[in-house]
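Dropping run32.pdb in here (PDB, C-alpha atoms and all ligand atoms):
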```
ATOM      1  CA  GLU A1313      19.994   5.721  -8.194  1.00  0.00           C
ATOM      2  CA  PRO A1314      17.396   3.224  -6.957  1.00  0.00           C
ATOM      3  CA  TYR A1315      13.745   4.232  -6.981  1.00  0.00           C
ATOM      4  CA  GLU A1316      12.256   4.988  -3.596  1.00  0.00           C
ATOM      5  CA  ILE A1317       8.911   3.387  -2.781  1.00  0.00           C
ATOM      6  CA  ALA A1318       6.602   4.432   0.054  1.00  0.00           C
ATOM      7  CA  ILE A1319       4.717   1.538   1.632  1.00  0.00           C
ATOM      8  CA  LEU A1320       1.276   2.292   3.050  1.00  0.00           C
ATOM      9  CA  VAL A1321      -0.124  -0.501   5.217  1.00  0.00           C
ATOM     10  CA  GLY A1322      -3.885  -0.578   5.733  1.00  0.00           C
ATOM     11  CA  SER A1323      -3.694  -2.121   9.202  1.00  0.00           C
ATOM     12  CA  LEU A1324      -2.702  -0.531  12.491  1.00  0.00           C
ATOM     13  CA  ARG A1325      -2.420  -3.615  14.647  1.00  0.00           C
ATOM     14  CA  LYS A1326       0.804  -4.971  16.024  1.00  0.00           C
ATOM     15  CA  GLY A1327       1.504  -8.247  14.295  1.00  0.00           C
ATOM     16  CA  SER A1328      -0.371  -7.223  11.161  1.00  0.00           C
ATOM     17  CA  PHE A1329      -0.179  -9.826   8.413  1.00  0.00           C
ATOM     18  CA  SER A1330      -0.234  -6.988   5.893  1.00  0.00           C
ATOM     19  CA  ARG A1331       2.958  -5.608   7.390  1.00  0.00           C
ATOM     20  CA  ARG A1332       4.455  -9.109   7.360  1.00  0.00           C
ATOM     21  CA  LEU A1333       3.720  -9.284   3.668  1.00  0.00           C
ATOM     22  CA  GLY A1334       5.355  -5.888   3.255  1.00  0.00           C
ATOM     23  CA  ASP A1335       8.469  -7.116   5.049  1.00  0.00           C
ATOM     24  CA  ALA A1336       8.596 -10.143   2.736  1.00  0.00           C
ATOM     25  CA  LEU A1337       8.285  -7.985  -0.370  1.00  0.00           C
ATOM     26  CA  VAL A1338      11.045  -5.657   0.860  1.00  0.00           C
ATOM     27  CA  LYS A1339      13.361  -8.627   1.424  1.00  0.00           C
ATOM     28  CA  LEU A1340      12.713 -10.043  -2.039  1.00  0.00           C
ATOM     29  CA  ALA A1341      12.975  -6.757  -3.927  1.00  0.00           C
ATOM     30  CA  PRO A1342      15.752  -6.013  -6.409  1.00  0.00           C
ATOM     31  CA  ASP A1343      18.386  -3.468  -5.389  1.00  0.00           C
ATOM     32  CA  THR A1344      16.907  -1.007  -7.885  1.00  0.00           C
ATOM     33  CA  LEU A1345      14.236  -0.297  -5.234  1.00  0.00           C
ATOM     34  CA  THR A1346      14.428   1.139  -1.724  1.00  0.00           C
ATOM     35  CA  PHE A1347      11.451   1.291   0.640  1.00  0.00           C
ATOM     36  CA  LYS A1348      10.123   3.270   3.551  1.00  0.00           C
ATOM     37  CA  TYR A1349       6.987   2.579   5.544  1.00  0.00           C
ATOM     38  CA  VAL A1350       4.928   5.741   5.895  1.00  0.00           C
ATOM     39  CA  GLU A1351       2.622   5.549   8.911  1.00  0.00           C
ATOM     40  CA  ILE A1352      -1.045   6.484   8.548  1.00  0.00           C
ATOM     41  CA  GLY A1353      -2.524   5.760  11.978  1.00  0.00           C
ATOM     42  CA  ASP A1354      -2.494   9.254  13.439  1.00  0.00           C
ATOM     43  CA  LEU A1355      -3.830  11.202  10.457  1.00  0.00           C
ATOM     44  CA  PRO A1356      -6.910  13.182  11.558  1.00  0.00           C
ATOM     45  CA  TYR A1357      -9.988  12.278   9.519  1.00  0.00           C
ATOM     46  CA  TYR A1358     -10.066  14.272   6.339  1.00  0.00           C
ATOM     47  CA  ASN A1359     -12.076  17.453   6.872  1.00  0.00           C
ATOM     48  CA  GLU A1360     -12.008  20.215   4.295  1.00  0.00           C
ATOM     49  CA  ASP A1361     -12.308  22.834   7.040  1.00  0.00           C
ATOM     50  CA  LEU A1362      -8.799  21.851   8.179  1.00  0.00           C
ATOM     51  CA  GLU A1363      -7.304  22.360   4.701  1.00  0.00           C
ATOM     52  CA  THR A1364      -5.905  25.818   5.501  1.00  0.00           C
ATOM     53  CA  GLU A1365      -2.464  27.447   5.327  1.00  0.00           C
ATOM     54  CA  THR A1366      -1.614  25.341   8.360  1.00  0.00           C
ATOM     55  CA  PRO A1367      -3.253  21.925   8.026  1.00  0.00           C
ATOM     56  CA  PRO A1368      -2.909  19.357  10.835  1.00  0.00           C
ATOM     57  CA  ALA A1369       0.761  18.609  11.511  1.00  0.00           C
ATOM     58  CA  ALA A1370       0.245  14.881  10.927  1.00  0.00           C
ATOM     59  CA  TRP A1371      -1.118  15.596   7.437  1.00  0.00           C
ATOM     60  CA  THR A1372       1.939  17.669   6.626  1.00  0.00           C
ATOM     61  CA  THR A1373       4.316  15.008   7.941  1.00  0.00           C
ATOM     62  CA  PHE A1374       2.538  12.406   5.812  1.00  0.00           C
ATOM     63  CA  ARG A1375       2.504  14.589   2.701  1.00  0.00           C
ATOM     64  CA  ASP A1376       6.177  15.495   3.109  1.00  0.00           C
ATOM     65  CA  ALA A1377       7.047  11.789   3.371  1.00  0.00           C
ATOM     66  CA  ILE A1378       5.142  10.904   0.196  1.00  0.00           C
ATOM     67  CA  ALA A1379       6.140  13.880  -1.942  1.00  0.00           C
ATOM     68  CA  PRO A1380       9.706  12.791  -2.829  1.00  0.00           C
ATOM     69  CA  VAL A1381       9.079   9.083  -3.505  1.00  0.00           C
ATOM     70  CA  ASP A1382       9.011   7.563  -6.970  1.00  0.00           C
ATOM     71  CA  GLY A1383       6.183   5.141  -6.293  1.00  0.00           C
ATOM     72  CA  VAL A1384       3.709   3.869  -3.718  1.00  0.00           C
ATOM     73  CA  LEU A1385       3.045   0.293  -2.656  1.00  0.00           C
ATOM     74  CA  PHE A1386      -0.308  -0.187  -0.951  1.00  0.00           C
ATOM     75  CA  ILE A1387      -0.645  -3.275   1.195  1.00  0.00           C
ATOM     76  CA  THR A1388      -4.199  -3.778   2.221  1.00  0.00           C
ATOM     77  CA  PRO A1389      -6.212  -6.201   4.244  1.00  0.00           C
ATOM     78  CA  GLU A1390      -9.939  -6.480   3.599  1.00  0.00           C
ATOM     79  CA  TYR A1391     -12.538  -5.094   5.973  1.00  0.00           C
ATOM     80  CA  ASN A1392     -16.080  -5.973   4.976  1.00  0.00           C
ATOM     81  CA  ARG A1393     -15.110  -6.483   1.349  1.00  0.00           C
ATOM     82  CA  SER A1394     -13.358  -3.132   1.041  1.00  0.00           C
ATOM     83  CA  ILE A1395     -10.295  -1.353   2.370  1.00  0.00           C
ATOM     84  CA  PRO A1396     -10.012  -0.306   6.023  1.00  0.00           C
ATOM     85  CA  ALA A1397     -11.177   3.248   6.739  1.00  0.00           C
ATOM     86  CA  VAL A1398      -7.700   4.227   7.916  1.00  0.00           C
ATOM     87  CA  LEU A1399      -6.284   3.529   4.468  1.00  0.00           C
ATOM     88  CA  LYS A1400      -9.107   5.358   2.705  1.00  0.00           C
ATOM     89  CA  ASN A1401      -8.402   8.325   4.954  1.00  0.00           C
ATOM     90  CA  ALA A1402      -4.722   8.269   3.980  1.00  0.00           C
ATOM     91  CA  VAL A1403      -5.686   8.191   0.293  1.00  0.00           C
ATOM     92  CA  ASP A1404      -7.974  11.173   0.877  1.00  0.00           C
ATOM     93  CA  VAL A1405      -5.317  13.165   2.766  1.00  0.00           C
ATOM     94  CA  GLY A1406      -2.766  12.364   0.046  1.00  0.00           C
ATOM     95  CA  SER A1407      -5.148  13.424  -2.710  1.00  0.00           C
ATOM     96  CA  ARG A1408      -5.559  17.020  -1.535  1.00  0.00           C
ATOM     97  CA  PRO A1409      -5.284  20.050  -1.783  1.00  0.00           C
ATOM     98  CA  TYR A1410      -7.248  19.827  -4.999  1.00  0.00           C
ATOM     99  CA  ALA A1411      -5.014  19.072  -7.997  1.00  0.00           C
ATOM    100  CA  ALA A1412      -1.938  19.232  -5.746  1.00  0.00           C
ATOM    101  CA  GLY A1413      -2.200  15.967  -3.810  1.00  0.00           C
ATOM    102  CA  VAL A1414       1.145  14.260  -3.250  1.00  0.00           C
ATOM    103  CA  LEU A1415      -0.228  10.913  -4.374  1.00  0.00           C
ATOM    104  CA  ASN A1416      -1.618  12.244  -7.627  1.00  0.00           C
ATOM    105  CA  GLY A1417       0.074  10.739 -10.659  1.00  0.00           C
ATOM    106  CA  LYS A1418       2.582   8.586  -8.819  1.00  0.00           C
ATOM    107  CA  PRO A1419       2.968   5.013 -10.019  1.00  0.00           C
ATOM    108  CA  ALA A1420       1.517   2.477  -7.608  1.00  0.00           C
ATOM    109  CA  ALA A1421       0.957  -1.172  -6.938  1.00  0.00           C
ATOM    110  CA  ILE A1422      -1.519  -3.027  -4.741  1.00  0.00           C
ATOM    111  CA  ALA A1423      -0.820  -6.062  -2.598  1.00  0.00           C
ATOM    112  CA  ALA A1424      -3.904  -7.513  -0.932  1.00  0.00           C
ATOM    113  CA  GLN A1425      -3.878 -10.140   1.790  1.00  0.00           C
ATOM    114  CA  THR A1426      -6.121 -12.004   4.169  1.00  0.00           C
ATOM    115  CA  PRO A1427      -5.681 -14.783   6.683  1.00  0.00           C
ATOM    116  CA  GLY A1428      -8.959 -15.982   5.171  1.00  0.00           C
ATOM    117  CA  THR A1429      -9.488 -17.511   1.799  1.00  0.00           C
ATOM    118  CA  MET A1430     -10.541 -15.014  -0.846  1.00  0.00           C
ATOM    119  CA  GLY A1431      -7.339 -13.017  -1.114  1.00  0.00           C
ATOM    120  CA  ALA A1432      -8.909  -9.674  -0.159  1.00  0.00           C
ATOM    121  CA  PHE A1433     -10.052  -9.276  -3.739  1.00  0.00           C
ATOM    122  CA  GLY A1434     -12.840  -6.863  -2.784  1.00  0.00           C
ATOM    123  CA  ALA A1435     -10.400  -4.545  -1.025  1.00  0.00           C
ATOM    124  CA  ALA A1436      -7.926  -4.576  -3.913  1.00  0.00           C
ATOM    125  CA  HIS A1437     -10.677  -3.938  -6.427  1.00  0.00           C
ATOM    126  CA  HIS A1438     -12.066  -0.924  -4.540  1.00  0.00           C
ATOM    127  CA  LEU A1439      -8.601   0.510  -3.940  1.00  0.00           C
ATOM    128  CA  ARG A1440      -7.670   0.221  -7.605  1.00  0.00           C
ATOM    129  CA  GLN A1441     -10.743   2.234  -8.550  1.00  0.00           C
ATOM    130  CA  MET A1442      -9.801   4.972  -6.061  1.00  0.00           C
ATOM    131  CA  LEU A1443      -6.368   5.277  -7.586  1.00  0.00           C
ATOM    132  CA  VAL A1444      -7.955   5.915 -10.988  1.00  0.00           C
ATOM    133  CA  ALA A1445      -9.404   9.109  -9.516  1.00  0.00           C
ATOM    134  CA  LEU A1446      -5.907  10.161  -8.447  1.00  0.00           C
ATOM    135  CA  GLY A1447      -4.402   9.470 -11.874  1.00  0.00           C
ATOM    136  CA  MET A1448      -2.045   6.937 -10.336  1.00  0.00           C
ATOM    137  CA  PRO A1449      -0.803   4.453 -12.929  1.00  0.00           C
ATOM    138  CA  THR A1450      -1.360   1.246 -10.969  1.00  0.00           C
ATOM    139  CA  MET A1451       0.482  -1.905 -11.929  1.00  0.00           C
ATOM    140  CA  ALA A1452      -1.920  -4.215 -13.690  1.00  0.00           C
ATOM    141  CA  HIS A1453       0.058  -7.422 -13.664  1.00  0.00           C
ATOM    142  CA  PRO A1454       0.906  -9.517 -11.765  1.00  0.00           C
ATOM    143  CA  GLU A1455      -2.052  -9.090  -9.437  1.00  0.00           C
ATOM    144  CA  LEU A1456      -1.226  -9.978  -5.856  1.00  0.00           C
ATOM    145  CA  TYR A1457      -3.932 -11.569  -3.738  1.00  0.00           C
ATOM    146  CA  ILE A1458      -2.577 -13.573  -0.828  1.00  0.00           C
ATOM    147  CA  ALA A1459      -4.851 -15.874   1.167  1.00  0.00           C
ATOM    148  CA  LYS A1460      -3.755 -17.580   4.402  1.00  0.00           C
ATOM    149  CA  THR A1461      -1.009 -15.009   4.844  1.00  0.00           C
ATOM    150  CA  HIS A1462      -0.214 -16.238   8.349  1.00  0.00           C
ATOM    151  CA  GLU A1463       0.738 -19.632   6.916  1.00  0.00           C
ATOM    152  CA  LEU A1464       2.706 -18.274   3.971  1.00  0.00           C
ATOM    153  CA  VAL A1465       4.753 -15.510   5.624  1.00  0.00           C
ATOM    154  CA  THR A1466       6.474 -15.773   9.016  1.00  0.00           C
ATOM    155  CA  GLU A1467       6.663 -13.004  11.616  1.00  0.00           C
ATOM    156  CA  ASP A1468      10.137 -12.186  10.308  1.00  0.00           C
ATOM    157  CA  GLY A1469       8.867 -11.730   6.764  1.00  0.00           C
ATOM    158  CA  ASN A1470      10.185 -15.009   5.435  1.00  0.00           C
ATOM    159  CA  VAL A1471       8.107 -16.953   2.925  1.00  0.00           C
ATOM    160  CA  THR A1472       7.337 -20.561   3.796  1.00  0.00           C
ATOM    161  CA  ASN A1473       7.127 -22.044   0.313  1.00  0.00           C
ATOM    162  CA  GLU A1474       9.145 -21.616  -2.846  1.00  0.00           C
ATOM    163  CA  GLY A1475       6.228 -21.027  -5.188  1.00  0.00           C
ATOM    164  CA  THR A1476       4.906 -18.124  -3.152  1.00  0.00           C
ATOM    165  CA  GLU A1477       8.392 -16.713  -2.726  1.00  0.00           C
ATOM    166  CA  ALA A1478       9.010 -16.795  -6.480  1.00  0.00           C
ATOM    167  CA  PHE A1479       5.661 -15.138  -7.077  1.00  0.00           C
ATOM    168  CA  LEU A1480       6.295 -12.346  -4.578  1.00  0.00           C
ATOM    169  CA  LYS A1481       9.698 -11.794  -6.133  1.00  0.00           C
ATOM    170  CA  SER A1482       8.148 -11.535  -9.603  1.00  0.00           C
ATOM    171  CA  PHE A1483       5.761  -8.914  -8.208  1.00  0.00           C
ATOM    172  CA  VAL A1484       8.506  -6.633  -6.829  1.00  0.00           C
ATOM    173  CA  ASP A1485      10.625  -7.161  -9.944  1.00  0.00           C
ATOM    174  CA  ALA A1486       7.649  -6.029 -12.034  1.00  0.00           C
ATOM    175  CA  LEU A1487       7.136  -3.060  -9.704  1.00  0.00           C
ATOM    176  CA  ALA A1488      10.688  -1.869 -10.366  1.00  0.00           C
ATOM    177  CA  VAL A1489      10.070  -1.971 -14.118  1.00  0.00           C
ATOM    178  CA  TRP A1490       6.667  -0.307 -13.709  1.00  0.00           C
ATOM    179  CA  VAL A1491       8.016   2.588 -11.647  1.00  0.00           C
ATOM    180  CA  GLY A1492      10.848   3.096 -14.124  1.00  0.00           C
ATOM    181  CA  LYS A1493       8.310   3.443 -16.916  1.00  0.00           C
ATOM    182  CA  HIS A1494       5.769   5.625 -15.134  1.00  0.00           C
ATOM    183  CA  LYS A1495       7.631   7.735 -12.617  1.00  0.00           C
ATOM    184  CA  GLN A1496       7.150  11.475 -12.700  1.00  0.00           C
ATOM    185  CA  SER A1497      10.088  13.463 -14.015  1.00  0.00           C
TER     186      SER A1497
HETATM  187  C1  LIG B1501     -12.106  -8.428   8.800  1.00  0.00           C
HETATM  188  N1  LIG B1501     -11.537  -9.511   8.136  1.00  0.00           N
HETATM  189  C2  LIG B1501     -11.910  -9.800   6.827  1.00  0.00           C
HETATM  190  N2  LIG B1501     -11.214 -10.719   6.063  1.00  0.00           N
HETATM  191  C3  LIG B1501     -11.541 -10.908   4.769  1.00  0.00           C
HETATM  192  O1  LIG B1501     -10.891 -11.708   4.090  1.00  0.00           O
HETATM  193  N3  LIG B1501     -12.598 -10.259   4.205  1.00  0.00           N
HETATM  194  C4  LIG B1501     -13.337  -9.360   4.893  1.00  0.00           C
HETATM  195  O2  LIG B1501     -14.240  -8.757   4.328  1.00  0.00           O
HETATM  196  C5  LIG B1501     -13.001  -9.121   6.260  1.00  0.00           C
HETATM  197  N4  LIG B1501     -13.721  -8.203   7.003  1.00  0.00           N
HETATM  198  C6  LIG B1501     -13.217  -7.776   8.216  1.00  0.00           C
HETATM  199  C7  LIG B1501     -13.790  -6.679   8.862  1.00  0.00           C
HETATM  200  C8  LIG B1501     -13.253  -6.196  10.026  1.00  0.00           C
HETATM  201  C9  LIG B1501     -13.875  -4.987  10.672  1.00  0.00           C
HETATM  202  C10 LIG B1501     -12.134  -6.837  10.607  1.00  0.00           C
HETATM  203  C11 LIG B1501     -11.523  -6.315  11.884  1.00  0.00           C
HETATM  204  C12 LIG B1501     -11.576  -7.939  10.016  1.00  0.00           C
HETATM  205  C13 LIG B1501     -10.434 -10.265   8.764  1.00  0.00           C
HETATM  206  C14 LIG B1501      -9.088  -9.689   8.368  1.00  0.00           C
HETATM  207  O3  LIG B1501      -8.666 -10.276   7.147  1.00  0.00           O
HETATM  208  C15 LIG B1501      -8.056  -9.987   9.450  1.00  0.00           C
HETATM  209  O4  LIG B1501      -8.426  -9.293  10.640  1.00  0.00           O
HETATM  210  C16 LIG B1501      -6.645  -9.624   9.051  1.00  0.00           C
HETATM  211  O5  LIG B1501      -5.737 -10.125  10.018  1.00  0.00           O
HETATM  212  C17 LIG B1501      -6.460  -8.117   8.849  1.00  0.00           C
HETATM  213  O6  LIG B1501      -5.164  -7.821   8.336  1.00  0.00           O
HETATM  214  P1  LIG B1501      -3.935  -7.493   9.273  1.00  0.00           P
HETATM  215  O7  LIG B1501      -4.405  -6.635  10.407  1.00  0.00           O
HETATM  216  O8  LIG B1501      -3.432  -8.826   9.792  1.00  0.00           O
HETATM  217  O9  LIG B1501      -2.934  -6.834   8.394  1.00  0.00           O
END
```

As structure tokens:
Amino acid sequence: EPYEIAILVGSLRKGSFSRRLGDALVKLAPDTLTFKYVEIGDLPYYNEDLETETPPAAWTTFRDAIAPVDGVLFITPEYNRSIPAVLKNAVDVGSRPYAAGVLNGKPAAIAAQTPGTMGAFGAAHHLRQMLVALGMPTMAHPELYIAKTHELVTEDGNVTNEGTEAFLKSFVDALAVWVGKHKQS
């Protein structure tokens, strides 16, 4: 049985470079992993008043999609040196109800990208700290910071140079090992 990985993309725009990077990682992954993108764009802002017997339907859809997976791959761009609010909101929705969040404890990995130059380090760094609060064992190595994503990954999710391709492959190979070690029973 392959491990199933949920991909959360921190960008809503059509043509997102983050999603391109996701497509590249899916293509390069070993057959011990399967993937599904879980959409986060229509989750109402987290509001504790809505955390009732019947929370917003979009929260429930999101939580039901995350609950069965073995691991979570976050692909984040950087907005003002942190993660986009839409991704933070998804983390918050997935972290609740208290002590029963579907994200809690699941193994994770972070891929950060920018069409700019600094590899979205600030976003990755903030996100990693959030996942500590959720008890998510988050792959430490290799770290994935991609700069100039638009030059390195095509619209179809193909990688334009061999070094980057080999690196992305090493990342998803390591993710498979990581999830095998840390997945919840
Ligand atoms: C950005 N961008 C950006 N880039 C970066 O490297 N560091 C940053 O801090 C920021 N800040 C930032 C703030 C806001 C509000 C926007 C809209 C954009 C540029 C960003 O990397 C670029 O828009 C990417 O294309 C976003 O990723 P997607 O949408 O292509 O996945």

Compute the distance from (5.3, -8.9, -10.4) to each atom, counting only C-alpha atoms, keep the residues with any atom at most 10 Å away, and return them as a JSON list (two decimals) with C-alpha atoms, keeping the file's coordinate frame; use the coordinates of the file.
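Output (result03.json):
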```json
[["chain", "number", "residue", "atom", "x", "y", "z"],
["A", 1421, "ALA", "CA", 0.96, -1.17, -6.94],
["A", 1451, "MET", "CA", 0.48, -1.90, -11.93],
["A", 1452, "ALA", "CA", -1.92, -4.22, -13.69],
["A", 1453, "HIS", "CA", 0.06, -7.42, -13.66],
["A", 1454, "PRO", "CA", 0.91, -9.52, -11.76],
["A", 1455, "GLU", "CA", -2.05, -9.09, -9.44],
["A", 1456, "LEU", "CA", -1.23, -9.98, -5.86],
["A", 1478, "ALA", "CA", 9.01, -16.80, -6.48],
["A", 1479, "PHE", "CA", 5.66, -15.14, -7.08],
["A", 1480, "LEU", "CA", 6.30, -12.35, -4.58],
["A", 1481, "LYS", "CA", 9.70, -11.79, -6.13],
["A", 1482, "SER", "CA", 8.15, -11.54, -9.60],
["A", 1483, "PHE", "CA", 5.76, -8.91, -8.21],
["A", 1484, "VAL", "CA", 8.51, -6.63, -6.83],
["A", 1485, "ASP", "CA", 10.62, -7.16, -9.94],
["A", 1486, "ALA", "CA", 7.65, -6.03, -12.03],
["A", 1487, "LEU", "CA", 7.14, -3.06, -9.70],
["A", 1488, "ALA", "CA", 10.69, -1.87, -10.37],
["A", 1489, "VAL", "CA", 10.07, -1.97, -14.12],
["A", 1490, "TRP", "CA", 6.67, -0.31, -13.71]]
```

*Could you please extract the residues within 12 Å of ligand LIG 1501 (chain B), counting all atoms listed in the file, and hand them back as an NGL selection string?*
:A and (1320-1335 or 1386-1399 or 1423-1436 or 1457-1463 or 1465 or 1467)

*Hey, what comes out of the PyMOL selection byres (((chain A and resi 1350) around 8) and not hetatm) on this file? Could you write it as a list in words?*
Ala1318, Ile1319, Leu1320, Lys1348, Tyr1349, Glu1351, Ile1352, Phe1374, Ala1377 and Ile1378 of chain A

*Considering all atoms listed in the file, return as a ChimeraX atom specification whatever protein or nucleic-acid residues lie within 12 Å of Gly1492 of chain A, sequence-local ones (same chain, fewer than 6 positions apart) excluded.*
/A:1313-1317,1344-1345,1382-1383,1418-1420,1449,1451,1485-1486

_Long-range neighbours of Tyr1358 of chain A as number ranges by chain, 9 Å cut-off, all atoms listed in the file, 3 positions minimum in chain_ = A: 1355, 1361-1363, 1401-1402, 1404-1405

*asked:* Can you measure atom CA of Val1414 of chain A to atom CA of His1438 of chain A for me? One decimal in Å is fine.
replied: 20.2 Å

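Among the candidates A:Ala1445, A:Leu1464, A:Leu1385, A:Ala1370, the residue lying nearest to Val1491 of chain A is A:Leu1385 (atoms considered: only C-alpha atoms).
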
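Close contacts of Gly1417 of chain A, defined as residues with an atom at most 8 Å away when counting all atoms listed in the file, with chain neighbours fewer than 6 positions off set aside, comprise Leu1446, Gly1447, Met1448, Pro1449 and Gln1496 of chain A.
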
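Atom CA of Val1471 of chain A lies 22.3 Å from atom CA of Val1384 of chain A.
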
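Between atom CA of Val1338 of chain A and atom CA of Thr1372 of chain A there is a distance of 25.7 Å.
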
Quick one: 8 Å padding each side, axis-aligned, all listed atoms of segment 1426-1437 of chain A - centre and edge lengths in Å to one decimal, as JSON?
```
{"center_x": -9.3, "center_y": -10.7, "center_z": 0.1, "size_x": 23.2, "size_y": 29.6, "size_z": 29.1}
```

*Rank A:Leu1415, A:Val1403, A:Val1444, A:Ile1422 by their smallest atom-to-atom distance to Ala1379 of chain A, using all atoms listed in the file, and report the top residue only.*
A:Leu1415

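Nearest to Glu1477 of chain A of all the residues A:Gln1441, A:Asn1416, A:Pro1368, A:Leu1337 is A:Leu1337, counting all atoms listed in the file.
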